[in-house]
Structures are given as C-alpha cells and as structure tokens.
$ cat final-v6.csv   # CSV, C-alpha atoms
chain,number,residue,atom,x,y,z
O,1,MET,CA,29.1,5.4,29.2
O,2,LYS,CA,26.1,7.7,29.1
O,3,PRO,CA,22.9,6.3,27.6
O,4,LEU,CA,22.9,8.8,24.7
O,5,GLU,CA,26.4,8.0,23.8
O,6,THR,CA,25.5,4.3,23.4
O,7,LEU,CA,22.6,5.3,21.3
O,8,ARG,CA,24.8,7.3,18.9
O,9,ALA,CA,27.1,4.3,18.7
O,10,LEU,CA,24.3,2.2,17.2
O,11,GLY,CA,24.9,3.6,13.8
O,12,THR,CA,22.4,3.2,11.0
O,13,GLY,CA,22.6,-0.6,11.0
O,14,GLY,CA,24.5,-3.1,8.9
O,15,GLU,CA,23.6,-4.7,5.6
O,16,ALA,CA,20.1,-6.0,5.2
O,17,PRO,CA,19.7,-9.6,4.0
O,18,SER,CA,20.6,-9.7,0.3
O,19,GLU,CA,17.8,-12.3,-0.4
O,20,ALA,CA,15.2,-9.9,1.0
O,21,LYS,CA,16.7,-7.1,-1.0
O,22,GLN,CA,16.3,-9.1,-4.2
O,23,ARG,CA,12.8,-10.2,-3.4
O,24,VAL,CA,11.7,-6.7,-2.6
O,25,TYR,CA,13.2,-5.3,-5.8
O,26,GLY,CA,11.5,-8.0,-7.8
O,27,ALA,CA,8.2,-7.4,-6.2
O,28,LEU,CA,8.7,-3.7,-6.6
O,29,MET,CA,9.3,-3.9,-10.3
O,30,ALA,CA,6.2,-6.2,-10.7
O,31,SER,CA,4.1,-3.6,-8.8
O,32,VAL,CA,5.4,-0.7,-11.0
O,33,ALA,CA,4.7,-2.7,-14.1
O,34,ALA,CA,1.3,-3.7,-12.9
O,35,ALA,CA,0.5,-0.1,-12.1
O,36,ALA,CA,1.5,1.0,-15.5
O,37,ALA,CA,-0.5,-1.8,-17.1
O,38,ALA,CA,-3.5,-1.0,-14.9
O,39,THR,CA,-3.4,2.6,-16.1
O,40,THR,CA,-3.4,1.4,-19.7
O,41,ALA,CA,-6.1,-1.2,-19.0
O,42,ALA,CA,-8.3,1.4,-17.3
O,43,THR,CA,-8.0,3.6,-20.4
O,44,VAL,CA,-9.0,0.6,-22.6
O,45,VAL,CA,-11.9,-0.3,-20.3
O,46,LYS,CA,-13.1,3.2,-20.2
O,47,SER,CA,-13.0,3.7,-23.9
O,48,GLY,CA,-14.7,0.4,-24.4
O,49,THR,CA,-17.7,1.4,-22.3
O,50,LEU,CA,-18.1,4.9,-23.7
O,51,PRO,CA,-21.1,5.2,-26.0
O,52,PRO,CA,-20.3,6.2,-29.6
O,53,ALA,CA,-20.0,9.9,-30.2
O,54,PRO,CA,-23.2,11.4,-31.5
O,55,THR,CA,-23.2,12.6,-35.0
O,56,PRO,CA,-24.5,16.1,-35.6
O,57,LEU,CA,-28.1,15.7,-36.5
O,58,ILE,CA,-28.4,18.7,-38.7
O,59,ALA,CA,-25.2,18.0,-40.6
O,60,GLY,CA,-25.9,17.7,-44.3
O,61,LEU,CA,-29.4,19.2,-44.0
O,62,THR,CA,-28.7,22.0,-46.3
O,63,GLY,CA,-32.1,21.8,-48.0
O,64,GLY,CA,-34.9,22.0,-45.5
O,65,LYS,CA,-33.9,24.7,-43.0
O,66,ILE,CA,-37.3,24.9,-41.4
O,67,ALA,CA,-37.4,21.1,-40.8
O,68,ALA,CA,-33.9,21.2,-39.4
O,69,VAL,CA,-34.8,24.0,-37.0
O,70,ILE,CA,-38.0,22.2,-35.8
O,71,VAL,CA,-36.1,18.9,-35.3
O,72,GLY,CA,-33.3,20.8,-33.6
O,73,ILE,CA,-35.6,22.5,-31.1
O,74,TRP,CA,-37.4,19.2,-30.4
O,75,LEU,CA,-34.1,17.5,-29.7
O,76,ILE,CA,-32.7,20.3,-27.6
O,77,GLY,CA,-35.9,20.4,-25.6
O,78,GLY,CA,-35.9,16.6,-25.1
O,79,ALA,CA,-32.2,16.6,-24.1
O,80,THR,CA,-32.7,19.5,-21.6
O,81,GLY,CA,-35.7,17.7,-20.1
O,82,ALA,CA,-33.7,14.5,-19.8
O,83,ALA,CA,-30.8,16.3,-18.2
O,84,LEU,CA,-33.1,18.1,-15.7
O,85,TYR,CA,-34.8,14.8,-14.9
O,86,GLY,CA,-31.4,13.2,-14.4
O,87,ALA,CA,-30.2,16.0,-12.1
O,88,ILE,CA,-33.4,15.8,-10.0
O,89,HIS,CA,-33.5,11.9,-9.9
O,90,PRO,CA,-29.9,10.8,-10.1
O,91,GLN,CA,-29.8,7.1,-10.9
O,92,GLU,CA,-27.7,4.8,-8.8
O,93,VAL,CA,-25.0,3.1,-10.8
O,94,ARG,CA,-24.8,-0.6,-9.9
O,95,VAL,CA,-21.7,-2.4,-10.9
O,96,VAL,CA,-21.4,-6.2,-10.8
O,97,TYR,CA,-18.0,-7.7,-10.6
O,98,VAL,CA,-17.8,-10.7,-12.9
O,99,ASP,CA,-15.1,-13.0,-14.2
O,100,ARG,CA,-14.1,-12.3,-17.8
O,101,PRO,CA,-12.0,-14.3,-20.3
O,102,VAL,CA,-8.4,-13.3,-20.3
O,103,LEU,CA,-7.0,-12.1,-23.6
O,104,SER,CA,-3.7,-13.1,-25.0
O,105,ASN,CA,-2.1,-9.8,-23.8
O,106,GLY,CA,-3.0,-10.6,-20.3
O,107,VAL,CA,-5.7,-8.0,-20.0
O,108,ALA,CA,-9.2,-9.1,-19.2
O,109,ALA,CA,-11.8,-8.3,-21.8
O,110,PRO,CA,-13.9,-5.3,-21.0
O,111,VAL,CA,-17.5,-5.8,-19.9
O,112,THR,CA,-20.0,-3.2,-20.6
O,113,ALA,CA,-23.2,-4.8,-19.3
O,114,ALA,CA,-24.1,-4.1,-15.7
O,115,ALA,CA,-27.1,-6.5,-15.6
O,116,PRO,CA,-27.2,-9.2,-12.9
O,117,ALA,CA,-25.5,-12.3,-14.0
O,118,PRO,CA,-26.9,-15.8,-13.5
O,119,ALA,CA,-26.2,-17.4,-10.1
O,120,ALA,CA,-23.5,-20.0,-9.7
O,121,PRO,CA,-22.7,-22.1,-6.6
O,122,MET,CA,-19.7,-20.5,-4.8
O,123,SER,CA,-18.5,-23.8,-3.4
O,124,SER,CA,-17.8,-25.3,-6.7
O,125,THR,CA,-16.5,-22.2,-8.6
O,126,PRO,CA,-13.3,-20.3,-8.2
O,127,LEU,CA,-12.9,-16.9,-6.6
O,128,GLY,CA,-14.5,-14.2,-8.7
O,129,SER,CA,-16.8,-16.5,-10.6
O,130,VAL,CA,-20.1,-15.2,-11.9
O,131,ILE,CA,-22.1,-13.8,-9.0
O,132,ASP,CA,-25.8,-13.3,-8.7
O,133,ALA,CA,-26.1,-9.6,-8.2
O,134,SER,CA,-29.6,-9.8,-6.7
O,135,SER,CA,-28.8,-12.3,-4.0
O,136,LYS,CA,-25.2,-11.4,-3.3
O,137,ARG,CA,-25.5,-7.9,-2.0
O,138,ALA,CA,-21.9,-7.6,-1.1
O,139,ALA,CA,-20.8,-8.1,-4.7
O,140,VAL,CA,-22.6,-5.0,-5.7
O,141,ALA,CA,-20.9,-1.8,-5.3
O,142,THR,CA,-22.3,1.6,-5.7
O,143,ALA,CA,-20.0,3.5,-8.1
O,144,SER,CA,-19.2,6.9,-6.6
O,145,SER,CA,-16.4,7.4,-9.0
O,146,GLY,CA,-16.5,5.5,-12.3
O,147,SER,CA,-12.9,6.1,-13.2
O,148,ALA,CA,-11.6,5.0,-9.8
O,149,LEU,CA,-13.7,1.8,-10.0
O,150,ALA,CA,-12.4,1.1,-13.5
O,151,ARG,CA,-8.8,1.4,-12.2
O,152,GLU,CA,-9.6,-0.8,-9.3
O,153,ARG,CA,-11.2,-3.3,-11.5
O,154,ALA,CA,-8.4,-3.3,-14.1
O,155,LEU,CA,-5.8,-3.8,-11.4
O,156,LEU,CA,-7.7,-6.7,-9.9
O,157,ASP,CA,-8.3,-8.2,-13.3
O,158,LEU,CA,-4.5,-8.4,-13.8
O,159,ALA,CA,-4.2,-10.1,-10.4
O,160,ARG,CA,-6.9,-12.6,-11.3
O,161,ALA,CA,-5.3,-13.2,-14.7
O,162,ASN,CA,-2.1,-14.0,-12.9
O,163,ALA,CA,-3.9,-16.2,-10.4
O,164,ALA,CA,-5.3,-18.2,-13.3
O,165,ARG,CA,-1.7,-18.5,-14.7
O,166,GLY,CA,-0.4,-19.7,-11.3
O,167,GLU,CA,1.7,-16.6,-10.5
O,168,PRO,CA,0.9,-16.0,-6.8
O,169,ALA,CA,3.8,-13.6,-6.3
O,170,LEU,CA,2.5,-11.3,-9.0
O,171,VAL,CA,-1.0,-11.6,-7.5
O,172,LEU,CA,0.3,-10.6,-4.2
O,173,ALA,CA,2.2,-7.6,-5.6
O,174,GLN,CA,-0.9,-6.5,-7.5
O,175,THR,CA,-3.2,-6.8,-4.5
O,176,ASP,CA,-0.7,-4.9,-2.4
O,177,GLN,CA,-0.6,-2.3,-5.1
O,178,HIS,CA,-4.4,-2.2,-4.9
O,179,ARG,CA,-4.3,-1.8,-1.1
O,180,LEU,CA,-1.9,1.1,-1.5
O,181,GLN,CA,-3.9,2.9,-4.1
O,182,PHE,CA,-7.5,2.0,-3.0
O,183,HIS,CA,-7.2,1.0,0.7
O,184,HIS,CA,-10.9,1.3,1.3
O,185,GLY,CA,-11.9,0.8,-2.3
O,186,GLN,CA,-15.1,-0.8,-3.5
O,187,LEU,CA,-13.3,-4.0,-4.4
O,188,ALA,CA,-11.3,-4.2,-1.2
O,189,GLU,CA,-13.2,-7.4,-0.3
O,190,GLU,CA,-12.2,-9.1,-3.5
O,191,ARG,CA,-8.7,-7.9,-3.1
O,192,GLU,CA,-8.4,-9.4,0.3
O,193,ALA,CA,-9.7,-12.7,-0.8
O,194,LEU,CA,-7.3,-12.8,-3.7
O,195,GLY,CA,-4.4,-11.8,-1.4
O,196,ILE,CA,-5.2,-14.6,1.1
O,197,ARG,CA,-5.3,-17.2,-1.7
O,198,ALA,CA,-2.0,-15.9,-3.1
O,199,LEU,CA,-0.3,-16.1,0.3
O,200,LEU,CA,-1.5,-19.7,0.7
O,201,SER,CA,-0.2,-20.5,-2.8
O,202,LEU,CA,3.2,-19.1,-1.7
O,203,GLY,CA,3.2,-21.2,1.4
O,204,ARG,CA,2.8,-18.2,3.7
O,205,SER,CA,0.0,-19.8,5.6
O,206,GLU,CA,0.5,-18.0,8.8
O,207,GLU,CA,0.2,-14.6,7.2
O,208,ALA,CA,-2.8,-15.9,5.2
O,209,ARG,CA,-4.5,-16.9,8.4
O,210,THR,CA,-3.8,-13.6,10.0
O,211,ARG,CA,-5.2,-11.8,7.0
O,212,ALA,CA,-8.2,-14.1,6.9
O,213,GLU,CA,-9.0,-13.2,10.5
O,214,ALA,CA,-9.0,-9.6,9.5
O,215,PHE,CA,-11.1,-10.4,6.5
O,216,HIS,CA,-13.7,-12.2,8.6
O,217,LEU,CA,-13.9,-9.2,11.0
O,218,ALA,CA,-14.2,-6.7,8.2
O,219,TYR,CA,-16.6,-8.6,6.1
O,220,PRO,CA,-18.6,-10.9,8.4
O,221,ASN,CA,-21.3,-11.6,5.8
O,222,SER,CA,-19.0,-11.8,2.8
O,223,PHE,CA,-20.0,-13.9,-0.2
O,224,LEU,CA,-16.4,-14.7,-0.5
O,225,THR,CA,-16.2,-16.3,3.0
O,226,PRO,CA,-16.7,-19.9,1.7
O,227,VAL,CA,-14.0,-19.4,-0.9
O,228,VAL,CA,-11.5,-18.0,1.7
O,229,ASP,CA,-12.4,-20.7,4.2
O,230,SER,CA,-12.1,-23.6,1.7
O,231,ALA,CA,-8.7,-22.3,0.6
O,232,LEU,CA,-7.6,-22.1,4.2
O,233,SER,CA,-8.8,-25.6,5.0
O,234,ALA,CA,-7.2,-27.1,1.8
O,235,PRO,CA,-4.3,-29.4,2.6
E,236,MET,CA,18.6,16.3,-11.6
E,237,VAL,CA,16.4,13.5,-10.4
E,238,PRO,CA,18.5,10.7,-8.8
E,239,ASP,CA,18.3,7.2,-10.4
E,240,PHE,CA,15.8,5.0,-8.6
E,241,ARG,CA,17.8,1.8,-8.9
E,242,GLU,CA,20.8,3.6,-7.5
E,243,ILE,CA,18.8,4.8,-4.5
E,244,PHE,CA,17.4,1.3,-3.9
E,245,GLU,CA,20.8,-0.3,-4.1
E,246,SER,CA,22.5,2.3,-1.8
E,247,HIS,CA,19.8,2.8,0.7
E,248,PHE,CA,17.8,-0.4,1.0
E,249,SER,CA,19.7,-1.5,4.1
E,250,TYR,CA,19.1,1.9,5.7
E,251,VAL,CA,15.4,1.8,5.1
E,252,TRP,CA,15.3,-1.8,6.3
E,253,HIS,CA,16.9,-0.9,9.7
E,254,VAL,CA,14.8,2.3,10.1
E,255,LEU,CA,11.7,0.3,9.7
E,256,LYS,CA,12.9,-2.2,12.2
E,257,ARG,CA,13.8,0.5,14.7
E,258,LEU,CA,10.4,2.0,14.2
E,259,GLY,CA,8.8,-1.2,15.4
E,260,VAL,CA,8.0,-3.2,12.2
E,261,ALA,CA,8.1,-6.9,12.9
E,262,GLU,CA,10.7,-9.0,11.1
E,263,ARG,CA,8.1,-10.9,9.1
E,264,ASP,CA,6.6,-7.7,7.8
E,265,LEU,CA,9.8,-5.9,6.9
E,266,GLU,CA,9.9,-6.9,3.2
E,267,ASP,CA,6.3,-5.8,2.7
E,268,LEU,CA,6.9,-2.5,4.3
E,269,ALA,CA,10.2,-1.9,2.6
E,270,GLN,CA,8.4,-2.6,-0.7
E,271,GLN,CA,5.7,-0.1,0.2
E,272,VAL,CA,8.3,2.6,1.1
E,273,PHE,CA,10.2,2.2,-2.2
E,274,LEU,CA,7.0,2.1,-4.2
E,275,GLN,CA,6.2,5.5,-2.8
E,276,VAL,CA,9.7,6.7,-3.3
E,277,HIS,CA,9.5,5.6,-6.9
E,278,GLY,CA,6.3,7.5,-7.3
E,279,GLN,CA,7.5,10.7,-5.6
E,280,LEU,CA,11.1,10.7,-7.0
E,281,PRO,CA,10.3,13.2,-9.7
E,282,LYS,CA,9.3,15.7,-7.0
E,283,PHE,CA,12.5,15.1,-5.0
E,284,VAL,CA,14.7,18.2,-4.7
E,285,SER,CA,18.2,17.0,-5.3
E,286,SER,CA,19.7,19.7,-3.1
E,287,ARG,CA,18.0,18.1,-0.1
E,288,PRO,CA,19.7,15.3,1.8
E,289,LEU,CA,18.3,12.0,0.7
E,290,ARG,CA,18.2,10.0,3.9
E,291,PRO,CA,15.8,12.2,5.9
E,292,TRP,CA,13.5,12.1,2.8
E,293,LEU,CA,13.6,8.3,2.8
E,294,PHE,CA,13.2,8.3,6.5
E,295,SER,CA,9.9,10.2,6.2
E,296,PHE,CA,8.4,7.5,3.9
E,297,ALA,CA,9.6,4.8,6.3
E,298,TYR,CA,8.2,6.7,9.3
E,299,HIS,CA,4.7,7.1,7.7
E,300,ALA,CA,4.7,3.5,6.6
E,301,ALA,CA,5.6,2.4,10.1
E,302,SER,CA,3.0,4.7,11.7
E,303,ASN,CA,0.3,3.2,9.5
E,304,TYR,CA,1.5,-0.3,10.2
E,305,ARG,CA,1.5,0.2,13.9
E,306,ALA,CA,-1.9,1.8,13.8
E,307,LEU,CA,-3.2,-1.7,13.2
E,308,SER,CA,-4.0,-3.1,16.6
E,309,ARG,CA,-2.5,-6.5,15.9
E,310,HIS,CA,0.9,-4.8,15.5
E,311,ARG,CA,0.9,-2.6,18.5
E,312,VAL,CA,2.4,-5.1,20.9
E,313,GLU,CA,5.2,-5.8,18.6
E,314,LEU,CA,8.6,-4.7,19.7
E,315,SER,CA,11.4,-5.0,17.2
E,316,ILE,CA,15.1,-4.5,18.0
E,317,VAL,CA,18.1,-4.6,15.8
E,318,ALA,CA,20.4,-7.4,16.8
E,319,PRO,CA,23.6,-5.9,18.3
E,320,GLU,CA,25.7,-7.8,15.8
E,321,GLN,CA,23.9,-5.9,13.0
E,322,ALA,CA,24.9,-2.6,14.4
E,323,ASP,CA,27.1,-0.4,12.2
E,324,THR,CA,30.3,-2.2,11.6
E,325,ALA,CA,32.0,1.0,10.7
E,326,ALA,CA,32.0,2.1,14.3
E,327,GLY,CA,35.1,3.9,15.6
E,328,ALA,CA,37.7,2.7,18.1
E,329,ASP,CA,35.8,4.2,21.1
E,330,GLU,CA,32.6,2.7,19.9
E,331,GLN,CA,34.1,-0.8,19.7
E,332,LEU,CA,34.6,-0.5,23.5
E,333,ILE,CA,30.8,-0.6,23.9
E,334,THR,CA,29.8,-4.0,24.9
E,335,ARG,CA,27.2,-6.1,23.1
E,336,GLN,CA,24.9,-5.9,26.2
E,337,GLU,CA,25.0,-2.1,26.1
E,338,LEU,CA,24.1,-2.0,22.4
E,339,GLU,CA,21.3,-4.5,23.1
E,340,LEU,CA,20.1,-2.3,25.9
E,341,ALA,CA,20.2,0.8,23.8
E,342,GLU,CA,18.0,-0.9,21.1
E,343,LEU,CA,15.6,-2.1,23.6
E,344,ALA,CA,15.3,1.3,25.3
E,345,LEU,CA,14.9,2.9,22.0
E,346,SER,CA,11.9,0.6,21.3
E,347,ARG,CA,10.2,2.0,24.4
E,348,VAL,CA,10.2,5.6,23.1
E,349,ALA,CA,6.9,6.6,21.5
E,350,LEU,CA,7.1,6.4,17.8
E,351,GLU,CA,6.8,10.0,16.8
E,352,ARG,CA,9.5,11.0,19.3
E,353,ARG,CA,11.6,8.0,18.4
E,354,ALA,CA,11.7,9.2,14.8
E,355,VAL,CA,13.2,12.5,15.9
E,356,LEU,CA,15.6,10.8,18.3
E,357,LEU,CA,16.9,8.5,15.6
E,358,LEU,CA,17.3,11.2,13.0
E,359,HIS,CA,19.1,13.5,15.4
E,360,GLU,CA,21.1,11.4,17.8
E,361,VAL,CA,21.9,8.4,15.6
E,362,GLU,CA,22.0,10.0,12.2
E,363,GLY,CA,23.2,13.5,13.2
E,364,HIS,CA,20.6,15.6,11.2
E,365,SER,CA,19.8,19.1,12.4
E,366,ILE,CA,16.4,19.8,13.9
E,367,PRO,CA,15.3,22.2,11.1
E,368,GLU,CA,16.2,19.4,8.6
E,369,ILE,CA,14.2,16.9,10.7
E,370,ALA,CA,11.2,19.2,11.0
E,371,GLU,CA,11.1,19.6,7.2
E,372,SER,CA,11.4,15.9,6.6
E,373,LEU,CA,8.7,15.0,9.0
E,374,SER,CA,6.5,18.0,8.1
E,375,ILE,CA,6.3,19.2,11.6
E,376,PRO,CA,7.0,22.7,13.1
E,377,VAL,CA,10.6,23.2,14.3
E,378,ASN,CA,9.5,23.8,17.9
E,379,THR,CA,7.6,20.6,17.8
E,380,ALA,CA,10.7,18.8,16.7
E,381,TYR,CA,12.7,20.3,19.5
E,382,SER,CA,10.0,19.4,22.0
E,383,ARG,CA,9.9,15.8,20.7
E,384,LEU,CA,13.6,15.5,20.9
E,385,ARG,CA,13.7,16.7,24.5
E,386,LEU,CA,10.9,14.3,25.5
E,387,ALA,CA,12.5,11.5,23.5
E,388,ARG,CA,15.8,11.9,25.4
E,389,GLN,CA,14.0,11.8,28.7
E,390,GLU,CA,12.0,8.7,27.7
E,391,TYR,CA,15.0,7.0,26.4
E,392,GLU,CA,17.1,7.7,29.5
E,393,GLN,CA,14.3,6.6,31.8
E,394,ALA,CA,13.9,3.4,29.8
E,395,VAL,CA,17.7,2.7,30.0
E,396,SER,CA,17.5,3.2,33.8
E,397,ARG,CA,14.5,0.9,34.2
E,398,LEU,CA,16.2,-1.8,32.0
E,399,ARG,CA,19.4,-1.6,34.0
E,400,ALA,CA,17.5,-1.8,37.2
E,401,GLN,CA,15.7,-4.9,35.9
E,402,ARG,CA,19.0,-6.5,35.1
E,403,GLY,CA,20.4,-5.6,38.5
E,404,GLU,CA,23.1,-3.3,37.1
E,405,GLU,CA,22.2,-0.4,39.3
$ encode --input "final-v6.csv" --output "structure tokens"
Amino acid sequence: MKPLETLRALGTGGEAPSEAKQRVYGALMASVAAAAAATTAATVVKSGTLPPAPTPLIAGLTGGKIAAVIVGIWLIGGATGAALYGAIHPQEVRVVYVDRPVLSNGVAAPVTAAAPAPAAPMSSTPLGSVIDASSKRAAVATASSGSALARERALLDLARANAARGEPALVLAQTDQHRLQFHHGQLAEEREALGIRALLSLGRSEEARTRAEAFHLAYPNSFLTPVVDSALSAP
Amino acid sequence: MVPDFREIFESHFSYVWHVLKRLGVAERDLEDLAQQVFLQVHGQLPKFVSSRPLRPWLFSFAYHAASNYRALSRHRVELSIVAPEQADTAAGADEQLITRQELELAELALSRVALERRAVLLLHEVEGHSIPEIAESLSIPVNTAYSRLRLARQEYEQAVSRLRAQRGEE
C-alpha cells in the first residue's frame, strides 16, 4: 500500500478518554464563569475607584452673576493649567498589589489606596500578602492601561479567593484564563506563583516543577521566589 | 443560526483531542490545550458562519494552540503519535487490511512533517477538505496551501521511506 493511502486510512481518531472530556468541560465552564465574574468585578472595582462626579459650581447661583463669572473664570483657568501641567509632566501611576478581605459573594473588596503598604516577612505569610512597595520592586507595576490592570487584578482576586477556600482546580482554571487573556500582563508573575501552588495542591507536582523552572527563568529576582520554593519543598 | 456550544463540545471533543495530538501536543498537556481551544471556540462562536464546515474551523483553533505550544522550547522535542488502536474504528473493509505496524508507521511519519505543512496534509489527505477550504480556515493564500500540501506529501513519503529503511523493510 502506498504511504498516502495508509495516511488516509488513519481517520480522524477514535473516542477521546471520557474522564478527560468531563474534566475539560468542568474546567471550561469554571473559566467561562470566572471570566464573566471578572468582567463584573472589574466594573465594580472601576466604579469604586472613580472619584465622585463634580457638581456644577455655578448651579444655583442665580443671584450674583458677576461673582459666578469670576469664580468660573478662575476655576477654568486653574483646570486648564492643571491639565497642561499634567500633559507636560505625566505622572507615573504606581500600583501595589495587596491582599484584601474576601466578601461573602466571593469578590475581593476593592482597594483605592495606592500608597506603599507596611512590610511583612514573606517566609511567614501566604502568597500575595501585604508587600512593601518600596523594597519589593517586582511587586510594583507601572499601569499602562488602568482598565486592563483592573481586569487582571479582578481575575487574580477570584483565583486568590478560591485558593483561600481550598479550591485549587478553580484557581488553576482562573490562572489559565489570565494567561490566555493577559499572557504578558503586569500580574503574570503573581499568576504563575498562584498556578504553581494550585498544581501542587492538585498533586500535579511534576507540572508544578516544570512551571516553577520557567518561573525562575522568567523572574530570577522575584519576591515570590521564596513562596514558590517553600511550596515546592513542602512534603 | 449559531450552533450550540455544548453540542459542539460533545460532538467534536474527540476530534479536537486527536488533532492536537497529531499536531504534536504531549499527552500530559492535551487537557489543557483542549480547554484552551474550546474556550476560544466559546468566545468566537457568535462570529461563526453556520454555512461553513465546522471541523476546519475547529481545526484552525487547534492548529494555533498547538503552534503556540510548540513555540515553547521545552515542547519542541516532543513527538506525539496516536496509538494505532485509537485510529478510526469506522474504517472500511480495505482499510482493515492495513496492519497495525503500517498505521503506527504512518502516525510516526506524520509527526516528522513540519507543523504548518502537517496541518494542510491532515486536513486534505485525512479529512478530505478542499484546498480553498483549508486556505480559508488557516488564513493562508490558496497557492501557499497548495505549496504546503506538495511539500508535506514529499516530507511524509520521505519519512515513511526512512522509517521503513530503519526497520529493515526495504
């Protein structure tokens, strides 16, 4: 028989293992649900950080028109100056990734403060504990896109909430989802550390080690290295 | 009308599974990759044109997932073949005459064909899709698809010859 005829006889393959099919479907649904929840959470986080809408300053000043005009000119002038200054000297947005309490609906509480948090020893705290922003350079990300970062953060918040609940399969699904959506995202380092710990919790230690090797190569000076290493060396 | 996702998953999971395997995804990574593929399918389903054949469309997701996967250096040396006993059980009478060794050899030779050409070879020779259909699915020009098929056939036949020589058959 000619080689190509044998090739045609291969067909498209038989049935895939049914356990694998079930597992994939379960993980798939978890990812889809996580993505939907992340979108909602991102909206919540975003709305929580927005400043209150300014009220019109001249509203109600029906009496003193002159005073209103002067105040208006002064405000417009100030705002224009501030906008010009902001355009000329764009400020770097520094974001600190911190642990937050998990609400009853499973969504982490939004944090609006971007100030450095007090230091905590990594060896005695779980992954994602409060990080000293000034000394842990890797924990600080420059936000090039606020909304993308918010979505990244919301997705990893869900994963961390599930890690706290002892749901490593969900954590893995959510970190995979993060990798799909934000492969080189600002929180990729946290994601990888979470994923490694989830794999270990699921007993997939070989995969965890492979992923940890990649983690060490990608982030040789990571502040999460002790966390990853201690998880790997745990019995 | 947009097809139902659950129905697609149920009917085509095995197909995607074996395509990934034939595109070089290691056994241990098949579940992760299959999940990735179906996650993308889920996201893109509203854009699917129902008049188009479904399998080449699914194949394109699997192909891109496998390409990205193999781009990672640690996966490059992996060779994955479908076990002969898993080959299509609905084979015809003539096909049943093909021995297990021949099927094994075909899978192995297939794994030696470069990925981009292997994709065209699989879609055309194994699944019987037309070249314009394949070109559309893989988003490549028709002439490129023809060229890849020609080269893939050559690579495949050369691989078969080499493997037979190694086994002392020729």
$ closest_atom_pairs --input "final-v6.csv" --of "chain O" --to "chain E" --cutoff "8 Å" --atoms "only C-alpha atoms" --output "tab-separated table"
residue	atom	partner	partner_atom	distance
O:Pro3	CA	E:Glu392	CA	6.3
O:Leu4	CA	E:Glu360	CA	7.6
O:Thr6	CA	E:Ala341	CA	6.4
O:Leu7	CA	E:Ala341	CA	5.7
O:Arg8	CA	E:Val361	CA	4.5
O:Ala9	CA	E:Glu330	CA	5.9
O:Leu10	CA	E:Ala322	CA	5.6
O:Gly11	CA	E:Asp323	CA	4.8
O:Thr12	CA	E:Asp323	CA	6.0
O:Gly13	CA	E:Ala322	CA	4.6
O:Gly14	CA	E:Asp323	CA	5.0
O:Glu15	CA	E:Ser249	CA	5.3
O:Ala16	CA	E:Ser249	CA	4.6
O:Ala20	CA	E:Glu266	CA	6.5
O:Lys21	CA	E:Phe248	CA	7.1
O:Arg23	CA	E:Glu266	CA	7.9
O:Val24	CA	E:Gln270	CA	5.6
O:Tyr25	CA	E:Gln270	CA	7.5
O:Ala27	CA	E:Gln270	CA	7.3
O:Leu28	CA	E:Gln270	CA	6.0
O:Ser31	CA	E:Leu274	CA	7.9
O:Val32	CA	E:Leu274	CA	7.5
O:Leu180	CA	E:Gln271	CA	7.9
$ residues_around --input "final-v6.csv" --residues "Leu232 in chain O" --least-positions-apart "4" --cutoff "9 Å" --atoms "all atoms listed in the file" --output "ChimeraX atom specification"
/O:196-197,200,205,208-209,212,227-228
$ atom_distance --input "final-v6.csv" --atom1 "CA of Arg352 in chain E" --atom2 "CA of Arg290 in chain E"
17.7 Å
$ atom_distance --input "final-v6.csv" --atom1 "CA of Leu224 in chain O" --atom2 "CA of Ala35 in chain O"
25.2 Å
$ atom_distance --input "final-v6.csv" --atom1 "CA of Asp176 in chain O" --atom2 "CA of Gly195 in chain O"
7.9 Å
$ residues_around --input "final-v6.csv" --residues "Thr175 in chain O" --least-positions-apart "6" --cutoff "9 Å" --atoms "only C-alpha atoms" --output "number ranges by chain"
O: 155-156, 159, 191-192, 194-195
$ closest_residue --input "final-v6.csv" --among "E:Ser372, E:Ser365, E:Asn303, E:Gln401" --to "Leu384 in chain E" --atoms "only C-alpha atoms"
E:Ser365
$ closest_residue --input "final-v6.csv" --among "E:Ala354, E:Arg347, E:Glu371, E:Arg305" --to "Leu398 in chain E" --atoms "all atoms listed in the file"
E:Arg347
$ closest_residue --input "final-v6.csv" --among "E:Arg335, E:Gly259, E:Leu373, E:Phe240" --to "His299 in chain E" --atoms "all atoms listed in the file"
E:Leu373
$ decode --input "final-v6.csv" --residues "range 263-274 of chain E" --atoms "N, CA and C atoms" --output "CSV table (one decimal), in the first residue's frame"
chain,number,residue,atom,x,y,z
E,263,ARG,N,0.3,14.6,28.3
E,263,ARG,CA,0.1,15.3,29.6
E,263,ARG,C,-0.5,16.7,29.4
E,264,ASP,N,-0.4,17.3,28.2
E,264,ASP,CA,-0.8,18.7,28.0
E,264,ASP,C,-2.1,18.7,27.2
E,265,LEU,N,-2.6,17.6,26.8
E,265,LEU,CA,-3.8,17.6,25.9
E,265,LEU,C,-5.0,18.2,26.6
E,266,GLU,N,-5.2,17.9,27.9
E,266,GLU,CA,-6.4,18.5,28.5
E,266,GLU,C,-6.3,20.0,28.5
E,267,ASP,N,-5.2,20.5,28.9
E,267,ASP,CA,-5.0,22.0,29.0
E,267,ASP,C,-5.2,22.6,27.6
E,268,LEU,N,-4.6,22.0,26.6
E,268,LEU,CA,-4.8,22.6,25.3
E,268,LEU,C,-6.2,22.5,24.7
E,269,ALA,N,-6.8,21.4,25.0
E,269,ALA,CA,-8.2,21.2,24.6
E,269,ALA,C,-9.1,22.3,25.2
E,270,GLN,N,-8.8,22.5,26.5
E,270,GLN,CA,-9.6,23.5,27.2
E,270,GLN,C,-9.4,24.9,26.6
E,271,GLN,N,-8.1,25.2,26.3
E,271,GLN,CA,-7.8,26.5,25.6
E,271,GLN,C,-8.6,26.6,24.3
E,272,VAL,N,-8.6,25.5,23.5
E,272,VAL,CA,-9.2,25.6,22.2
E,272,VAL,C,-10.7,25.8,22.4
E,273,PHE,N,-11.3,25.1,23.3
E,273,PHE,CA,-12.8,25.2,23.4
E,273,PHE,C,-13.2,26.6,24.1
E,274,LEU,N,-12.3,27.1,24.8
E,274,LEU,CA,-12.5,28.4,25.4
E,274,LEU,C,-12.6,29.5,24.3
